[in-house]
$ cat run31.txt   # compact mmCIF, N, CA, C and O atoms
# COMPACT_ATOMS: atom_id res chain seq x y z
N MET A 1 84.85 97.42 114.19
CA MET A 1 84.23 96.61 113.15
C MET A 1 85.30 95.80 112.43
O MET A 1 86.38 96.29 112.12
N LEU A 2 84.99 94.55 112.15
CA LEU A 2 85.92 93.64 111.48
C LEU A 2 85.97 93.94 109.99
O LEU A 2 84.94 94.13 109.35
N LYS A 3 87.19 93.99 109.47
CA LYS A 3 87.39 94.25 108.04
C LYS A 3 88.23 93.12 107.47
O LYS A 3 89.20 92.68 108.10
N GLN A 4 87.87 92.65 106.29
CA GLN A 4 88.61 91.59 105.61
C GLN A 4 89.00 92.06 104.22
O GLN A 4 88.17 92.61 103.50
N VAL A 5 90.27 91.85 103.87
CA VAL A 5 90.76 92.30 102.57
C VAL A 5 91.70 91.30 101.94
O VAL A 5 92.30 90.46 102.61
N ARG A 6 91.81 91.43 100.63
CA ARG A 6 92.83 90.73 99.85
C ARG A 6 93.70 91.84 99.27
O ARG A 6 93.19 92.79 98.66
N ILE A 7 95.01 91.73 99.50
CA ILE A 7 95.95 92.73 99.03
C ILE A 7 96.93 92.06 98.08
O ILE A 7 97.49 91.01 98.42
N LEU A 8 97.11 92.62 96.90
CA LEU A 8 98.10 92.12 95.95
C LEU A 8 99.18 93.18 95.80
O LEU A 8 98.89 94.32 95.48
N VAL A 9 100.43 92.77 96.06
CA VAL A 9 101.55 93.70 96.02
C VAL A 9 102.49 93.26 94.92
O VAL A 9 102.91 92.10 94.86
N SER A 10 102.82 94.20 94.03
CA SER A 10 103.75 93.87 92.93
C SER A 10 104.97 94.77 93.01
O SER A 10 104.97 95.82 93.63
N GLY A 11 106.02 94.32 92.36
CA GLY A 11 107.31 94.99 92.37
C GLY A 11 108.38 93.95 92.69
O GLY A 11 108.23 92.77 92.37
N ARG A 12 109.42 94.39 93.37
CA ARG A 12 110.44 93.44 93.84
C ARG A 12 110.03 93.04 95.25
O ARG A 12 110.49 93.63 96.24
N VAL A 13 109.13 92.06 95.34
CA VAL A 13 108.54 91.68 96.61
C VAL A 13 108.73 90.20 96.95
O VAL A 13 108.30 89.75 98.01
N GLN A 14 109.37 89.46 96.07
CA GLN A 14 109.70 88.07 96.37
C GLN A 14 111.20 87.94 96.54
O GLN A 14 111.97 88.59 95.84
N GLY A 15 111.60 87.12 97.52
CA GLY A 15 113.01 86.92 97.78
C GLY A 15 113.64 88.05 98.58
O GLY A 15 114.86 88.16 98.67
N VAL A 16 112.80 88.92 99.17
CA VAL A 16 113.30 90.06 99.95
C VAL A 16 112.65 90.09 101.34
O VAL A 16 112.62 91.14 101.98
N TYR A 17 112.12 88.96 101.77
CA TYR A 17 111.50 88.81 103.09
C TYR A 17 110.22 89.63 103.26
O TYR A 17 109.83 89.94 104.38
N PHE A 18 109.56 89.95 102.16
CA PHE A 18 108.32 90.72 102.24
C PHE A 18 107.27 89.97 103.07
O PHE A 18 106.63 90.56 103.94
N ARG A 19 107.13 88.67 102.83
CA ARG A 19 106.12 87.89 103.57
C ARG A 19 106.43 87.84 105.05
O ARG A 19 105.54 87.99 105.89
N ALA A 20 107.69 87.63 105.41
CA ALA A 20 108.07 87.56 106.83
C ALA A 20 107.84 88.88 107.54
O ALA A 20 107.33 88.91 108.67
N PHE A 21 108.18 89.99 106.89
CA PHE A 21 107.93 91.30 107.48
C PHE A 21 106.43 91.59 107.57
O PHE A 21 105.97 92.22 108.52
N THR A 22 105.67 91.12 106.59
CA THR A 22 104.22 91.27 106.62
C THR A 22 103.64 90.52 107.81
O THR A 22 102.78 91.03 108.53
N GLN A 23 104.14 89.30 108.03
CA GLN A 23 103.68 88.51 109.17
C GLN A 23 103.97 89.23 110.48
O GLN A 23 103.11 89.32 111.36
N LYS A 24 105.16 89.77 110.61
CA LYS A 24 105.54 90.48 111.83
C LYS A 24 104.63 91.70 112.05
O LYS A 24 104.14 91.93 113.16
N LYS A 25 104.38 92.46 110.99
CA LYS A 25 103.51 93.64 111.08
C LYS A 25 102.09 93.23 111.44
O LYS A 25 101.44 93.85 112.29
N ALA A 26 101.59 92.18 110.80
CA ALA A 26 100.22 91.72 111.04
C ALA A 26 100.05 91.25 112.48
O ALA A 26 99.04 91.57 113.13
N LYS A 27 101.00 90.50 112.99
CA LYS A 27 100.91 90.03 114.37
C LYS A 27 100.91 91.21 115.34
O LYS A 27 100.17 91.22 116.32
N LYS A 28 101.72 92.22 115.06
CA LYS A 28 101.77 93.42 115.90
C LYS A 28 100.42 94.13 115.92
O LYS A 28 100.03 94.72 116.92
N LEU A 29 99.70 94.06 114.80
CA LEU A 29 98.40 94.72 114.67
C LEU A 29 97.22 93.81 115.02
O LEU A 29 96.07 94.20 114.85
N ALA A 30 97.50 92.58 115.49
CA ALA A 30 96.46 91.59 115.84
C ALA A 30 95.58 91.25 114.64
O ALA A 30 94.36 91.12 114.74
N ILE A 31 96.22 91.08 113.48
CA ILE A 31 95.54 90.72 112.24
C ILE A 31 95.74 89.22 111.99
O ILE A 31 96.82 88.69 112.20
N THR A 32 94.70 88.55 111.52
CA THR A 32 94.81 87.15 111.12
C THR A 32 94.81 87.06 109.60
O THR A 32 94.37 87.99 108.91
N GLY A 33 95.30 85.94 109.09
CA GLY A 33 95.31 85.73 107.65
C GLY A 33 96.57 85.07 107.17
O GLY A 33 97.20 84.31 107.90
N TYR A 34 96.97 85.36 105.93
CA TYR A 34 98.17 84.76 105.36
C TYR A 34 98.78 85.65 104.30
O TYR A 34 98.14 86.55 103.76
N ALA A 35 100.04 85.37 104.00
CA ALA A 35 100.74 86.01 102.89
C ALA A 35 101.43 84.90 102.11
O ALA A 35 102.02 83.99 102.71
N LYS A 36 101.32 84.96 100.79
CA LYS A 36 101.99 83.93 99.97
C LYS A 36 102.48 84.53 98.67
O LYS A 36 101.93 85.52 98.18
N ASN A 37 103.53 83.91 98.13
CA ASN A 37 104.05 84.30 96.83
C ASN A 37 103.15 83.74 95.74
O ASN A 37 102.71 82.59 95.84
N LEU A 38 102.90 84.52 94.71
CA LEU A 38 102.16 84.05 93.55
C LEU A 38 103.14 83.78 92.42
O LEU A 38 104.24 84.36 92.37
N SER A 39 102.75 82.94 91.50
CA SER A 39 103.64 82.54 90.40
C SER A 39 103.97 83.70 89.46
O SER A 39 104.97 83.65 88.74
N ASP A 40 103.17 84.77 89.49
CA ASP A 40 103.43 85.92 88.61
C ASP A 40 104.36 86.96 89.25
O ASP A 40 104.56 88.04 88.70
N GLY A 41 104.92 86.64 90.43
CA GLY A 41 105.87 87.53 91.08
C GLY A 41 105.28 88.44 92.13
O GLY A 41 106.00 89.15 92.83
N ARG A 42 103.96 88.44 92.27
CA ARG A 42 103.31 89.27 93.28
C ARG A 42 103.23 88.52 94.61
O ARG A 42 103.41 87.31 94.66
N VAL A 43 102.93 89.26 95.67
CA VAL A 43 102.61 88.67 96.97
C VAL A 43 101.14 88.92 97.24
O VAL A 43 100.65 90.04 97.05
N GLU A 44 100.43 87.87 97.62
CA GLU A 44 99.03 87.97 97.99
C GLU A 44 98.92 87.94 99.51
O GLU A 44 99.50 87.07 100.16
N ILE A 45 98.19 88.88 100.06
CA ILE A 45 97.93 88.93 101.49
C ILE A 45 96.42 88.90 101.68
O ILE A 45 95.70 89.69 101.06
N VAL A 46 95.95 87.98 102.48
CA VAL A 46 94.54 87.94 102.86
C VAL A 46 94.51 88.17 104.36
O VAL A 46 95.17 87.45 105.12
N ALA A 47 93.81 89.21 104.79
CA ALA A 47 93.88 89.62 106.18
C ALA A 47 92.53 90.01 106.75
O ALA A 47 91.66 90.49 106.03
N SER A 48 92.40 89.80 108.06
CA SER A 48 91.18 90.14 108.79
C SER A 48 91.57 90.78 110.11
O SER A 48 92.44 90.28 110.82
N GLY A 49 90.93 91.89 110.43
CA GLY A 49 91.22 92.58 111.68
C GLY A 49 90.36 93.81 111.80
O GLY A 49 89.45 94.03 110.99
N SER A 50 90.67 94.62 112.78
CA SER A 50 89.91 95.86 112.95
C SER A 50 90.15 96.75 111.74
O SER A 50 91.18 96.65 111.06
N GLU A 51 89.21 97.63 111.47
CA GLU A 51 89.33 98.52 110.33
C GLU A 51 90.61 99.35 110.41
O GLU A 51 91.34 99.51 109.43
N GLU A 52 90.91 99.85 111.60
CA GLU A 52 92.11 100.65 111.80
C GLU A 52 93.39 99.83 111.54
O GLU A 52 94.31 100.30 110.87
N ALA A 53 93.42 98.60 112.03
CA ALA A 53 94.59 97.74 111.84
C ALA A 53 94.79 97.40 110.37
O ALA A 53 95.91 97.45 109.85
N ILE A 54 93.70 97.06 109.68
CA ILE A 54 93.80 96.73 108.26
C ILE A 54 94.27 97.94 107.47
O ILE A 54 95.12 97.83 106.58
N ASP A 55 93.75 99.11 107.78
CA ASP A 55 94.18 100.33 107.09
C ASP A 55 95.68 100.57 107.31
O ASP A 55 96.39 100.98 106.38
N GLN A 56 96.18 100.30 108.51
CA GLN A 56 97.61 100.45 108.79
C GLN A 56 98.43 99.44 107.99
O GLN A 56 99.51 99.78 107.47
N LEU A 57 97.94 98.20 107.89
CA LEU A 57 98.65 97.18 107.12
C LEU A 57 98.71 97.57 105.64
O LEU A 57 99.75 97.44 105.00
N ILE A 58 97.59 98.03 105.10
CA ILE A 58 97.56 98.45 103.69
C ILE A 58 98.55 99.59 103.47
O ILE A 58 99.33 99.56 102.50
N LYS A 59 98.54 100.56 104.35
CA LYS A 59 99.49 101.68 104.23
C LYS A 59 100.93 101.17 104.26
O LYS A 59 101.77 101.61 103.47
N TRP A 60 101.22 100.21 105.15
CA TRP A 60 102.56 99.63 105.24
C TRP A 60 102.93 98.92 103.93
O TRP A 60 104.09 98.98 103.50
N CYS A 61 101.96 98.25 103.31
CA CYS A 61 102.24 97.50 102.07
C CYS A 61 102.75 98.40 100.94
O CYS A 61 103.48 97.94 100.07
N TYR A 62 102.38 99.66 100.94
CA TYR A 62 102.87 100.57 99.91
C TYR A 62 104.37 100.83 100.04
O TYR A 62 105.01 101.22 99.07
N LYS A 63 104.90 100.60 101.22
CA LYS A 63 106.33 100.79 101.46
C LYS A 63 107.04 99.44 101.56
O LYS A 63 108.05 99.21 100.93
N GLY A 64 106.52 98.55 102.42
CA GLY A 64 107.14 97.25 102.64
C GLY A 64 108.47 97.39 103.37
O GLY A 64 108.84 98.46 103.82
N PRO A 65 109.20 96.28 103.47
CA PRO A 65 110.50 96.32 104.12
C PRO A 65 111.52 97.05 103.24
O PRO A 65 111.32 97.21 102.03
N ILE A 66 112.60 97.47 103.84
CA ILE A 66 113.62 98.24 103.12
C ILE A 66 114.21 97.45 101.94
O ILE A 66 114.66 98.05 100.97
N THR A 67 114.16 96.13 102.01
CA THR A 67 114.71 95.28 100.95
C THR A 67 113.82 95.20 99.72
O THR A 67 114.25 94.72 98.68
N ALA A 68 112.58 95.65 99.84
CA ALA A 68 111.60 95.52 98.75
C ALA A 68 111.50 96.82 97.95
O ALA A 68 111.92 97.88 98.39
N ARG A 69 110.91 96.67 96.76
CA ARG A 69 110.52 97.83 95.94
C ARG A 69 109.07 97.59 95.53
O ARG A 69 108.78 96.69 94.74
N VAL A 70 108.18 98.36 96.08
CA VAL A 70 106.76 98.18 95.80
C VAL A 70 106.37 99.09 94.64
O VAL A 70 106.56 100.29 94.70
N ASP A 71 105.85 98.48 93.57
CA ASP A 71 105.41 99.23 92.40
C ASP A 71 103.90 99.49 92.41
O ASP A 71 103.44 100.52 91.92
N HIS A 72 103.15 98.54 92.95
CA HIS A 72 101.68 98.66 92.89
C HIS A 72 101.06 97.85 94.02
O HIS A 72 101.53 96.76 94.34
N VAL A 73 99.99 98.39 94.61
CA VAL A 73 99.21 97.69 95.63
C VAL A 73 97.76 97.74 95.20
O VAL A 73 97.22 98.79 94.89
N GLU A 74 97.15 96.57 95.17
CA GLU A 74 95.73 96.45 94.80
C GLU A 74 94.99 95.84 95.98
O GLU A 74 95.46 94.85 96.55
N THR A 75 93.87 96.43 96.37
CA THR A 75 93.10 95.88 97.49
C THR A 75 91.69 95.53 97.05
O THR A 75 91.13 96.16 96.16
N GLU A 76 91.16 94.53 97.70
CA GLU A 76 89.80 94.06 97.42
C GLU A 76 89.15 93.69 98.75
O GLU A 76 89.75 92.94 99.53
N SER A 77 87.97 94.19 99.02
CA SER A 77 87.25 93.83 100.24
C SER A 77 86.69 92.42 100.11
O SER A 77 86.20 92.04 99.04
N LEU A 78 86.78 91.67 101.17
CA LEU A 78 86.21 90.33 101.23
C LEU A 78 85.06 90.36 102.22
O LEU A 78 85.16 90.98 103.27
N ASN A 79 84.01 89.68 101.90
CA ASN A 79 82.84 89.69 102.77
C ASN A 79 82.59 88.30 103.34
O ASN A 79 82.14 87.41 102.64
N GLY A 80 82.91 88.14 104.62
CA GLY A 80 82.56 86.92 105.34
C GLY A 80 83.29 85.66 104.92
O GLY A 80 82.86 84.58 105.28
N GLU A 81 84.37 85.78 104.18
CA GLU A 81 85.12 84.58 103.82
C GLU A 81 85.91 84.10 105.03
O GLU A 81 86.37 84.89 105.85
N ALA A 82 86.07 82.79 105.14
CA ALA A 82 86.81 82.22 106.27
C ALA A 82 88.29 82.53 106.12
O ALA A 82 88.90 82.24 105.11
N ILE A 83 88.84 83.16 107.14
CA ILE A 83 90.25 83.49 107.15
C ILE A 83 90.87 82.73 108.31
O ILE A 83 90.34 82.76 109.43
N PRO A 84 91.98 82.02 108.07
CA PRO A 84 92.55 81.19 109.12
C PRO A 84 93.01 82.01 110.32
O PRO A 84 93.39 83.17 110.17
N PRO A 85 92.96 81.39 111.51
CA PRO A 85 93.45 82.11 112.69
C PRO A 85 94.96 82.31 112.62
O PRO A 85 95.65 81.59 111.91
N GLY A 86 95.46 83.27 113.36
CA GLY A 86 96.89 83.54 113.33
C GLY A 86 97.27 84.22 112.03
O GLY A 86 96.43 84.73 111.32
N PHE A 87 98.54 84.23 111.72
CA PHE A 87 99.00 84.77 110.45
C PHE A 87 100.04 83.83 109.89
O PHE A 87 101.08 83.60 110.51
N ASN A 88 99.76 83.27 108.74
CA ASN A 88 100.63 82.27 108.13
C ASN A 88 101.36 82.82 106.93
O ASN A 88 100.83 83.65 106.20
N VAL A 89 102.56 82.32 106.72
CA VAL A 89 103.35 82.67 105.55
C VAL A 89 103.61 81.39 104.79
O VAL A 89 104.07 80.40 105.35
N SER A 90 103.28 81.40 103.49
CA SER A 90 103.54 80.22 102.67
C SER A 90 104.17 80.62 101.36
O SER A 90 104.20 81.75 101.00
$ encode --input "run31.txt" --output "structure tokens"
Amino acid sequence: MLKQVRILVSGRVQGVYFRAFTQKKAKKLAITGYAKNLSDGRVEIVASGSEEAIDQLIKWCYKGPITARVDHVETESLNGEAIPPGFNVS
């Protein structure tokens, strides 16, 4: 079953390649969507994939790359919103 989520990650997550590592993880899991920096210092991830793959990505977000420090992860289910193909980092 297809699952779509919005994930907000806070902590030291900008300037530490969090988005690039997220893209690599998402591609490995066959997830589509995007990751972008927000002006408040968080990273927003919008992702679509199998329930198992999305759950793995969310679990990974709590840790992130070794260069990051994750303080908080917030998730929100999205219903039927258009998510771009592939995985983009902006």
$ residues_around --input "run31.txt" --residues "A:Leu57" --least-positions-apart "4" --cutoff "8 Å" --atoms "all atoms listed in the file" --output "ChimeraX atom specification"
/A:22,25-26,29,50-53,61-64
$ select_by_dssp --input "run31.txt" --residues "stretch 15-85 of chain A" --states "strand (DSSP E)" --output "VMD selection string"
chain A and resid 32 to 37 43 to 50 69 to 77
$ closest_residue --input "run31.txt" --among "A:Thr67, A:Ala35, A:Ala30, A:Gly11" --to "A:Gly49" --atoms "all atoms listed in the file"
A:Ala30
$ closest_residue --input "run31.txt" --among "A:Val73, A:Ile54, A:Leu78, A:Ile45" --to "A:Gln23" --atoms "only C-alpha atoms"
A:Ile45
$ closest_residue --input "run31.txt" --among "A:Ser77, A:Asp40, A:Ala68, A:Gln14" --to "A:Asp55" --atoms "only C-alpha atoms"
A:Ser77
$ atom_distance --input "run31.txt" --atom1 "atom C of A:Glu76" --atom2 "atom CA of A:Gln4"
7.2 Å
$ atom_distance --input "run31.txt" --atom1 "atom O of A:Glu74" --atom2 "atom N of A:Lys27"
17.9 Å
$ decode --input "run31.txt" --residues "stretch 47-64 of chain A" --atoms "N, CA, C and O atoms" --output "PDB file, in the first residue's frame"
ATOM      1  N   ALA A  47       7.470  12.616   1.194  1.00  0.00           N
ATOM      2  CA  ALA A  47       7.846  11.348   0.598  1.00  0.00           C
ATOM      3  C   ALA A  47       6.646  10.447   0.341  1.00  0.00           C
ATOM      4  O   ALA A  47       5.658  10.496   1.062  1.00  0.00           O
ATOM      5  N   SER A  48       6.789   9.618  -0.697  1.00  0.00           N
ATOM      6  CA  SER A  48       5.760   8.654  -1.076  1.00  0.00           C
ATOM      7  C   SER A  48       6.432   7.335  -1.418  1.00  0.00           C
ATOM      8  O   SER A  48       7.421   7.304  -2.149  1.00  0.00           O
ATOM      9  N   GLY A  49       5.891   6.255  -0.877  1.00  0.00           N
ATOM     10  CA  GLY A  49       6.446   4.936  -1.152  1.00  0.00           C
ATOM     11  C   GLY A  49       5.652   3.880  -0.421  1.00  0.00           C
ATOM     12  O   GLY A  49       4.598   4.163   0.155  1.00  0.00           O
ATOM     13  N   SER A  50       6.179   2.678  -0.430  1.00  0.00           N
ATOM     14  CA  SER A  50       5.493   1.606   0.284  1.00  0.00           C
ATOM     15  C   SER A  50       5.495   1.924   1.775  1.00  0.00           C
ATOM     16  O   SER A  50       6.362   2.661   2.272  1.00  0.00           O
ATOM     17  N   GLU A  51       4.540   1.371   2.482  1.00  0.00           N
ATOM     18  CA  GLU A  51       4.434   1.622   3.916  1.00  0.00           C
ATOM     19  C   GLU A  51       5.724   1.223   4.639  1.00  0.00           C
ATOM     20  O   GLU A  51       6.227   1.957   5.491  1.00  0.00           O
ATOM     21  N   GLU A  52       6.274   0.083   4.261  1.00  0.00           N
ATOM     22  CA  GLU A  52       7.507  -0.400   4.880  1.00  0.00           C
ATOM     23  C   GLU A  52       8.684   0.554   4.605  1.00  0.00           C
ATOM     24  O   GLU A  52       9.447   0.882   5.505  1.00  0.00           O
ATOM     25  N   ALA A  53       8.790   1.027   3.363  1.00  0.00           N
ATOM     26  CA  ALA A  53       9.880   1.931   3.002  1.00  0.00           C
ATOM     27  C   ALA A  53       9.756   3.265   3.742  1.00  0.00           C
ATOM     28  O   ALA A  53      10.751   3.792   4.256  1.00  0.00           O
ATOM     29  N   ILE A  54       8.548   3.807   3.802  1.00  0.00           N
ATOM     30  CA  ILE A  54       8.336   5.077   4.503  1.00  0.00           C
ATOM     31  C   ILE A  54       8.650   4.919   5.982  1.00  0.00           C
ATOM     32  O   ILE A  54       9.299   5.779   6.589  1.00  0.00           O
ATOM     33  N   ASP A  55       8.237   3.820   6.579  1.00  0.00           N
ATOM     34  CA  ASP A  55       8.539   3.578   7.991  1.00  0.00           C
ATOM     35  C   ASP A  55      10.050   3.513   8.223  1.00  0.00           C
ATOM     36  O   ASP A  55      10.559   4.031   9.222  1.00  0.00           O
ATOM     37  N   GLN A  56      10.785   2.906   7.287  1.00  0.00           N
ATOM     38  CA  GLN A  56      12.242   2.843   7.398  1.00  0.00           C
ATOM     39  C   GLN A  56      12.860   4.237   7.276  1.00  0.00           C
ATOM     40  O   GLN A  56      13.812   4.568   8.002  1.00  0.00           O
ATOM     41  N   LEU A  57      12.335   5.055   6.360  1.00  0.00           N
ATOM     42  CA  LEU A  57      12.853   6.419   6.199  1.00  0.00           C
ATOM     43  C   LEU A  57      12.604   7.236   7.461  1.00  0.00           C
ATOM     44  O   LEU A  57      13.490   7.960   7.924  1.00  0.00           O
ATOM     45  N   ILE A  58      11.407   7.128   8.020  1.00  0.00           N
ATOM     46  CA  ILE A  58      11.091   7.864   9.251  1.00  0.00           C
ATOM     47  C   ILE A  58      12.032   7.436  10.371  1.00  0.00           C
ATOM     48  O   ILE A  58      12.593   8.284  11.083  1.00  0.00           O
ATOM     49  N   LYS A  59      12.231   6.142  10.515  1.00  0.00           N
ATOM     50  CA  LYS A  59      13.153   5.640  11.540  1.00  0.00           C
ATOM     51  C   LYS A  59      14.555   6.201  11.322  1.00  0.00           C
ATOM     52  O   LYS A  59      15.220   6.624  12.274  1.00  0.00           O
ATOM     53  N   TRP A  60      15.007   6.245  10.068  1.00  0.00           N
ATOM     54  CA  TRP A  60      16.328   6.796   9.745  1.00  0.00           C
ATOM     55  C   TRP A  60      16.405   8.282  10.118  1.00  0.00           C
ATOM     56  O   TRP A  60      17.443   8.752  10.594  1.00  0.00           O
ATOM     57  N   CYS A  61      15.313   9.017   9.916  1.00  0.00           N
ATOM     58  CA  CYS A  61      15.306  10.461  10.203  1.00  0.00           C
ATOM     59  C   CYS A  61      15.590  10.765  11.672  1.00  0.00           C
ATOM     60  O   CYS A  61      16.111  11.825  11.994  1.00  0.00           O
ATOM     61  N   TYR A  62      15.257   9.860  12.565  1.00  0.00           N
ATOM     62  CA  TYR A  62      15.534  10.076  13.983  1.00  0.00           C
ATOM     63  C   TYR A  62      17.029  10.062  14.280  1.00  0.00           C
ATOM     64  O   TYR A  62      17.463  10.617  15.281  1.00  0.00           O
ATOM     65  N   LYS A  63      17.796   9.454  13.403  1.00  0.00           N
ATOM     66  CA  LYS A  63      19.247   9.395  13.569  1.00  0.00           C
ATOM     67  C   LYS A  63      19.934  10.345  12.586  1.00  0.00           C
ATOM     68  O   LYS A  63      20.786  11.122  12.957  1.00  0.00           O
ATOM     69  N   GLY A  64      19.593  10.225  11.289  1.00  0.00           N
ATOM     70  CA  GLY A  64      20.211  11.037  10.257  1.00  0.00           C
ATOM     71  C   GLY A  64      21.665  10.646  10.046  1.00  0.00           C
ATOM     72  O   GLY A  64      22.153   9.663  10.592  1.00  0.00           O
TER      73      GLY A  64
END
